[in-house]
Structures are given as C-alpha cells and as structure tokens.
file my_file10.pdb (PDB, C-alpha atoms, pLDDT in the B column)
ATOM      1  CA  ARG A 847      83.720  -7.529 -48.666  1.00 64.00           C
ATOM      2  CA  GLN A 848      80.115  -8.286 -49.187  1.00 69.00           C
ATOM      3  CA  SER A 849      78.496  -8.774 -52.572  1.00 72.00           C
ATOM      4  CA  VAL A 850      75.069  -7.436 -53.338  1.00 68.00           C
ATOM      5  CA  ASP A 851      72.843  -8.286 -56.285  1.00 73.00           C
ATOM      6  CA  ILE A 852      71.047  -5.326 -57.796  1.00 70.00           C
ATOM      7  CA  LEU A 853      68.116  -5.860 -60.140  1.00 70.00           C
ATOM      8  CA  MET A 854      67.162  -2.949 -62.386  1.00 66.00           C
ATOM      9  CA  GLU A 855      64.011  -3.027 -64.446  1.00 67.00           C
ATOM     10  CA  PHE A 856      63.284  -0.527 -67.199  1.00 63.00           C
ATOM     11  CA  LYS A 857      59.759   0.263 -68.286  1.00 64.00           C
ATOM     12  CA  LEU A 858      59.500   2.357 -71.410  1.00 62.00           C
ATOM     13  CA  ALA A 859      56.865   5.018 -71.821  1.00 62.00           C
ATOM     14  CA  ASP A 860      56.747   4.580 -75.602  1.00 59.00           C
ATOM     15  CA  SER A 861      58.564   2.970 -78.512  1.00 54.00           C
ATOM     16  CA  LEU A 862      60.771   6.049 -79.046  1.00 56.00           C
ATOM     17  CA  GLU A 863      62.789   4.870 -76.045  1.00 62.00           C
ATOM     18  CA  LEU A 864      63.836   1.689 -77.850  1.00 67.00           C
ATOM     19  CA  GLY A 865      67.432   1.481 -78.964  1.00 69.00           C
ATOM     20  CA  ASN A 866      70.804   2.218 -77.476  1.00 67.00           C
ATOM     21  CA  PHE A 867      70.796   3.053 -73.783  1.00 65.00           C
ATOM     22  CA  SER A 868      73.728   4.171 -71.689  1.00 66.00           C
ATOM     23  CA  SER A 869      73.728   5.551 -68.205  1.00 69.00           C
ATOM     24  CA  LYS A 870      75.709   5.866 -65.003  1.00 73.00           C
ATOM     25  CA  PHE A 871      74.222   4.909 -61.669  1.00 73.00           C
ATOM     26  CA  TYR A 872      75.432   5.987 -58.248  1.00 75.00           C
ATOM     27  CA  LEU A 873      74.576   4.113 -55.073  1.00 74.00           C
ATOM     28  CA  ASP A 874      73.413   5.406 -51.743  1.00 78.00           C
ATOM     29  CA  ILE A 875      73.377   2.511 -49.285  1.00 76.00           C
ATOM     30  CA  ASP A 876      72.368   3.116 -45.679  1.00 81.00           C
ATOM     31  CA  GLY A 877      73.246   6.788 -45.993  1.00 83.00           C
ATOM     32  CA  VAL A 878      76.669   6.160 -47.565  1.00 83.00           C
ATOM     33  CA  PHE A 879      76.971   7.661 -51.030  1.00 80.00           C
ATOM     34  CA  TYR A 880      79.401   5.789 -53.309  1.00 77.00           C
ATOM     35  CA  LEU A 881      81.163   8.062 -55.803  1.00 78.00           C
ATOM     36  CA  LYS A 882      82.276   5.288 -58.169  1.00 80.00           C
ATOM     37  CA  ALA A 883      79.610   5.080 -60.869  1.00 78.00           C
ATOM     38  CA  ILE A 884      78.212   1.854 -62.259  1.00 75.00           C
ATOM     39  CA  ASP A 885      78.212   2.065 -66.062  1.00 75.00           C
ATOM     40  CA  MET A 886      75.372   0.334 -67.842  1.00 72.00           C
ATOM     41  CA  THR A 887      74.812   0.005 -71.567  1.00 71.00           C
ATOM     42  CA  ALA A 888      72.133  -1.981 -73.333  1.00 69.00           C
ATOM     43  CA  VAL A 889      70.118  -2.146 -76.515  1.00 68.00           C
ATOM     44  CA  ILE A 890      66.444  -2.157 -75.605  1.00 70.00           C
ATOM     45  CA  VAL A 891      64.073  -3.934 -78.001  1.00 68.00           C
ATOM     46  CA  GLU A 892      60.409  -4.804 -77.819  1.00 68.00           C
ATOM     47  CA  ASN A 893      59.025  -8.126 -76.623  1.00 68.00           C
ATOM     48  CA  PHE A 894      57.822 -10.388 -79.449  1.00 67.00           C
ATOM     49  CA  ASP A 895      55.406 -13.289 -79.796  1.00 67.00           C
ATOM     50  CA  ASP A 896      57.648 -15.921 -81.397  1.00 63.00           C
ATOM     51  CA  GLY A 897      54.702 -18.144 -82.275  1.00 63.00           C
ATOM     52  CA  ASP A 898      53.071 -15.656 -84.635  1.00 67.00           C
ATOM     53  CA  PRO A 899      53.530 -16.867 -88.252  1.00 70.00           C
ATOM     54  CA  LEU A 900      52.535 -13.452 -89.633  1.00 77.00           C
ATOM     55  CA  GLN A 901      55.681 -11.557 -88.799  1.00 89.00           C
ATOM     56  CA  PRO A 902      57.612  -8.834 -90.577  1.00 93.00           C
ATOM     57  CA  SER A 903      61.068  -9.730 -91.819  1.00 94.00           C
ATOM     58  CA  ILE A 904      63.735  -7.164 -92.656  1.00 96.00           C
ATOM     59  CA  ASP A 905      66.094  -7.800 -95.554  1.00 96.00           C
ATOM     60  CA  ILE A 906      68.921  -5.473 -96.526  1.00 96.00           C
ATOM     61  CA  PRO A 907      70.804  -6.803 -99.564  1.00 95.00           C
ATOM     62  CA  CYS A 908      73.918  -4.771 -98.754  1.00 93.00           C
ATOM     63  CA  ASP A 909      74.403  -3.618 -95.151  1.00 94.00           C
ATOM     64  CA  CYS A 910      77.930  -2.250 -95.572  1.00 93.00           C
ATOM     65  CA  PHE A 911      79.284   0.496 -97.806  1.00 92.00           C
ATOM     66  CA  HIS A 912      83.024   1.024 -98.255  1.00 89.00           C
ATOM     67  CA  PHE A 913      83.753   4.573 -99.390  1.00 84.00           C
ATOM     68  CA  ASP A 914      87.543   4.070 -99.704  1.00 81.00           C
ATOM     69  CA  THR A 915      89.079   7.522 -99.087  1.00 80.00           C
ATOM     70  CA  ILE A 916      87.141  10.754 -98.653  1.00 80.00           C
ATOM     71  CA  ALA A 917      88.480  14.251 -98.031  1.00 81.00           C
ATOM     72  CA  LEU A 918      87.554  15.917 -94.769  1.00 81.00           C
ATOM     73  CA  ASP A 919      85.595  18.676 -96.510  1.00 81.00           C
ATOM     74  CA  LYS A 920      83.554  16.355 -98.783  1.00 85.00           C
ATOM     75  CA  ILE A 921      80.063  14.990 -98.234  1.00 88.00           C
ATOM     76  CA  LEU A 922      79.409  11.356 -99.062  1.00 88.00           C
ATOM     77  CA  GLU A 923      75.886  10.193 -99.871  1.00 92.00           C
ATOM     78  CA  HIS A 924      74.747   6.587-100.043  1.00 94.00           C
ATOM     79  CA  SER A 925      71.409   4.752-100.048  1.00 96.00           C
ATOM     80  CA  PHE A 926      70.549   1.429 -98.431  1.00 97.00           C
ATOM     81  CA  LEU A 927      67.597  -0.603 -99.710  1.00 97.00           C
ATOM     82  CA  ILE A 928      65.400  -1.970 -96.912  1.00 97.00           C
ATOM     83  CA  ARG A 929      62.933  -4.703 -97.881  1.00 97.00           C
ATOM     84  CA  ASN A 930      60.160  -6.345 -95.917  1.00 96.00           C
ATOM     85  CA  VAL A 931      60.052  -9.997 -96.975  1.00 95.00           C
ATOM     86  CA  GLY A 932      57.614 -10.902 -94.186  1.00 93.00           C
ATOM     87  CA  LYS A 933      53.827 -11.103 -94.081  1.00 92.00           C
ATOM     88  CA  GLU A 934      53.112  -8.140 -91.765  1.00 92.00           C
ATOM     89  CA  ASP A 935      54.118  -4.482 -91.824  1.00 93.00           C
ATOM     90  CA  LEU A 936      57.730  -3.812 -90.911  1.00 94.00           C
ATOM     91  CA  ILE A 937      57.926  -0.807 -88.603  1.00 92.00           C
ATOM     92  CA  ILE A 938      61.189   1.078 -88.273  1.00 93.00           C
ATOM     93  CA  ARG A 939      60.773   2.235 -84.671  1.00 89.00           C
ATOM     94  CA  LYS A 940      63.963   4.246 -84.394  1.00 90.00           C
ATOM     95  CA  ILE A 941      67.146   5.106 -86.289  1.00 93.00           C
ATOM     96  CA  GLU A 942      70.360   5.869 -84.411  1.00 91.00           C
ATOM     97  CA  THR A 943      73.824   6.824 -85.626  1.00 92.00           C
ATOM     98  CA  THR A 944      77.193   6.402 -83.963  1.00 87.00           C
ATOM     99  CA  CYS A 945      78.311   9.868 -85.047  1.00 85.00           C
ATOM    100  CA  THR A 946      76.693  13.276 -85.385  1.00 86.00           C
ATOM    101  CA  CYS A 947      78.436  13.439 -88.771  1.00 87.00           C
ATOM    102  CA  ILE A 948      75.755  11.125 -90.234  1.00 91.00           C
ATOM    103  CA  GLU A 949      72.376  12.460 -91.313  1.00 93.00           C
ATOM    104  CA  TYR A 950      69.646  10.219 -92.689  1.00 95.00           C
ATOM    105  CA  SER A 951      66.224  10.189 -94.252  1.00 96.00           C
ATOM    106  CA  ILE A 952      63.888   7.309 -95.032  1.00 95.00           C
ATOM    107  CA  ASP A 953      60.877   7.018 -97.347  1.00 89.00           C
ATOM    108  CA  GLY A 954      58.651   6.036 -94.421  1.00 90.00           C
ATOM    109  CA  ASN A 955      58.884   4.142 -91.159  1.00 91.00           C
ATOM    110  CA  ILE A 956      56.248   1.565 -92.164  1.00 94.00           C
ATOM    111  CA  ILE A 957      57.200  -0.855 -94.935  1.00 96.00           C
ATOM    112  CA  HIS A 958      54.324  -3.046 -96.084  1.00 96.00           C
ATOM    113  CA  SER A 959      54.704  -6.753 -96.841  1.00 95.00           C
ATOM    114  CA  ARG A 960      56.780  -7.399 -99.991  1.00 95.00           C
ATOM    115  CA  ASP A 961      57.560  -3.682-100.273  1.00 97.00           C
ATOM    116  CA  SER A 962      60.767  -1.701 -99.795  1.00 97.00           C
ATOM    117  CA  ALA A 963      62.046   1.682 -98.682  1.00 97.00           C
ATOM    118  CA  GLU A 964      65.230   3.604 -99.270  1.00 97.00           C
ATOM    119  CA  LEU A 965      67.354   4.853 -96.380  1.00 97.00           C
ATOM    120  CA  ARG A 966      69.546   7.720 -97.547  1.00 97.00           C
ATOM    121  CA  VAL A 967      72.583   8.681 -95.499  1.00 95.00           C
ATOM    122  CA  ALA A 968      74.785  11.746 -95.826  1.00 93.00           C
ATOM    123  CA  PHE A 969      78.190  11.433 -94.212  1.00 88.00           C
ATOM    124  CA  ARG A 970      79.985  14.668 -93.327  1.00 85.00           C
ATOM    125  CA  PRO A 971      83.338  13.531 -91.931  1.00 80.00           C
ATOM    126  CA  GLU A 972      84.763  15.089 -88.813  1.00 74.00           C
ATOM    127  CA  PRO A 973      88.464  15.115 -87.863  1.00 66.00           C
ATOM    128  CA  VAL A 974      87.907  12.422 -85.241  1.00 61.00           C
ATOM    129  CA  ALA A 975      89.007   8.788 -85.195  1.00 56.00           C
ATOM    130  CA  GLY A 976      86.277   6.239 -84.778  1.00 52.00           C
ATOM    131  CA  ALA A 977      85.514   4.490 -88.060  1.00 62.00           C
ATOM    132  CA  PRO A 978      83.603   2.416 -88.928  1.00 74.00           C
ATOM    133  CA  TYR A 979      80.550   4.603 -88.723  1.00 87.00           C
ATOM    134  CA  LYS A 980      77.213   2.917 -88.100  1.00 91.00           C
ATOM    135  CA  VAL A 981      73.520   3.501 -88.581  1.00 95.00           C
ATOM    136  CA  ARG A 982      71.380   1.343 -86.301  1.00 93.00           C
ATOM    137  CA  LEU A 983      67.771   0.455 -87.175  1.00 94.00           C
ATOM    138  CA  ILE A 984      65.428  -0.671 -84.397  1.00 91.00           C
ATOM    139  CA  CYS A 985      62.410  -2.426 -85.871  1.00 91.00           C
ATOM    140  CA  ASN A 986      59.628  -4.905 -85.138  1.00 89.00           C
ATOM    141  CA  ASP A 987      61.288  -7.909 -86.845  1.00 91.00           C
ATOM    142  CA  PRO A 988      61.420 -10.491 -84.022  1.00 89.00           C
ATOM    143  CA  LYS A 989      64.453 -12.252 -85.549  1.00 90.00           C
ATOM    144  CA  ARG A 990      66.440  -9.051 -86.196  1.00 91.00           C
ATOM    145  CA  PRO A 991      65.095  -6.258 -83.969  1.00 90.00           C
ATOM    146  CA  VAL A 992      68.386  -4.339 -84.287  1.00 91.00           C
ATOM    147  CA  VAL A 993      70.180  -4.054 -87.627  1.00 95.00           C
ATOM    148  CA  GLU A 994      73.456  -2.209 -88.115  1.00 94.00           C
ATOM    149  CA  LEU A 995      74.456  -0.610 -91.399  1.00 95.00           C
ATOM    150  CA  VAL A 996      78.128   0.203 -91.689  1.00 93.00           C
ATOM    151  CA  LEU A 997      80.056   2.933 -93.503  1.00 89.00           C
ATOM    152  CA  LYS A 998      83.747   2.071 -93.761  1.00 86.00           C
ATOM    153  CA  GLY A 999      86.681   3.908 -95.186  1.00 81.00           C
ATOM    154  CA  TYR A1000      89.395   6.420 -94.536  1.00 81.00           C
ATOM    155  CA  VAL A1001      88.916  10.130 -93.933  1.00 80.00           C
ATOM    156  CA  ALA A1002      91.910  12.043 -95.297  1.00 79.00           C
ATOM    157  CA  PRO A1003      92.928  15.249 -93.514  1.00 73.00           C
TER     158      PRO A1003
END
call {"tool": "encode", "arguments": {"input": "my_file10.pdb", "output": "structure tokens"}}
result
Amino acid sequence: RQSVDILMEFKLADSLELGNFSSKFYLDIDGVFYLKAIDMTAVIVENFDDGDPLQPSIDIPCDCFHFDTIALDKILEHSFLIRNVGKEDLIIRKIETTCTCIEYSIDGNIIHSRDSAELRVAFRPEPVAGAPYKVRLICNDPKRPVVELVLKGYVAP
C-alpha cells in the first residue's frame, strides 16, 4: 500500500458560498477510477485581519430555545435577538438550517455598531428524528464567524 497526500484548495466566487460544505470526491489515478468516494465536510468562513481593532462582534443573549413538547401538526415560532457590540457593521453573510422544517426571516443582514436585529424562526415539525434543530449564522465577526442557534424539544406524533 502506498499513501498519497491530496491537497484541495477551494476558492469561492462570492460570499454566498460561505457556510456548510459537503461533497464526495472520486479519484481517477493513472486511468484507474476508484469507486469508493472520499467524503469531505467543512464550514467555510472568510479570512480576517486579527489586528484590526474596529471589528464587529456578535452577541446573542440566548442562543438556545427549549420548546418542551410540540404536536406534529403545530407551528412553533420563536425570535432570537442578535446584537452587534463591536465597532464596525456586523454582516450576516448567510443563514443555514439543519432541517427544511425551519423557516426564518431577519430584519436585515447588516447590523450597525451598538444596534440589534431580530431573527424570527418558524418551526414546522416533520415526523423525522434528528433533534436538536439548528440555525447557523455565518457572519463577519472574526472571533465567532459561525454561530449556532438551537431549538430543542420533543415532537409528539
């Protein structure tokens, strides 16, 4: 057996490609195609200048909501407060969810210094295991470029 190092570099076309990335790669080496896929997952964030004192800073007073028990046919709504306690604009580059049963809306993707925005989520449970459910924010805070908000509880059939 021979080991081979493979270096993969990703260059993003724009900031909409930030966030969760998952893909399968197949190898073709010297004309031999290998059917066993290589799984790769990563969270892609932007590159930051750590020396800049004028940085945005995300603050979410409560990043987890426990909804106890909810019936399968009910819709749960909850809001998360997102504050920018930094000195520059906080930019929410992308919002991802771990389930298609979560819809969201936000006041705006730019939160000015010392300002806040409300992220509203609507949870429409599906008869699938997989809790907790998460909403992932990708932003330009160099200390917390990825923030996860969690919805926990039990979905009753």
call {"tool": "closest_residue", "arguments": {"input": "my_file10.pdb", "among": "A:Lys870, A:Arg960, A:Lys998, A:Arg982", "to": "Gly932 in chain A", "atoms": "only C-alpha atoms"}}
result
A:Arg960
call {"tool": "closest_residue", "arguments": {"input": "my_file10.pdb", "among": "A:Asp909, A:Lys882, A:Ile941, A:Asp919", "to": "Ile984 in chain A", "atoms": "all atoms listed in the file"}}
result
A:Ile941
call {"tool": "closest_residue", "arguments": {"input": "my_file10.pdb", "among": "A:Leu900, A:Ala968, A:Cys910, A:Ile884", "to": "Cys947 in chain A", "atoms": "only C-alpha atoms"}}
result
A:Ala968
call {"tool": "axis_aligned_box", "arguments": {"input": "my_file10.pdb", "around": "range 981-998 of chain A", "padding_each_side": "8 Å", "output": "JSON"}}
result
{"center_x": 71.7, "center_y": -4.4, "center_z": -88.9, "size_x": 40.1, "size_y": 31.8, "size_z": 25.8}
call {"tool": "resolve_selection", "arguments": {"input": "my_file10.pdb", "expression": "the PyMOL selection byres ((chain A and resi 883) around 10)", "output": "list in words"}}
result
Ser869, Lys870, Phe871, Tyr872, Leu873, Tyr880, Leu881, Lys882, Ile884, Asp885 and Met886 of chain A
call {"tool": "atom_distance", "arguments": {"input": "my_file10.pdb", "atom1": "CA of Pro907 in chain A", "atom2": "CA of Phe969 in chain A"}}
result
20.4 Å
call {"tool": "atom_distance", "arguments": {"input": "my_file10.pdb", "atom1": "CA of Ile906 in chain A", "atom2": "CA of Ala1002 in chain A"}}
result
28.9 Å
call {"tool": "atom_distance", "arguments": {"input": "my_file10.pdb", "atom1": "CA of Pro1003 in chain A", "atom2": "CA of Val967 in chain A"}}
result
21.5 Å
call {"tool": "resolve_selection", "arguments": {"input": "my_file10.pdb", "expression": "the PyMOL selection byres ((chain A and resi 965) around 7)", "output": "MDAnalysis selection string"}}
result
chainID A and resid 925:927 950:953 963:964 966:967
call {"tool": "resolve_selection", "arguments": {"input": "my_file10.pdb", "expression": "the PyMOL selection byres ((chain A and resi 902) around 8)", "output": "ChimeraX atom specification"}}
result
/A:900-901,903-904,930-936,959,986-988
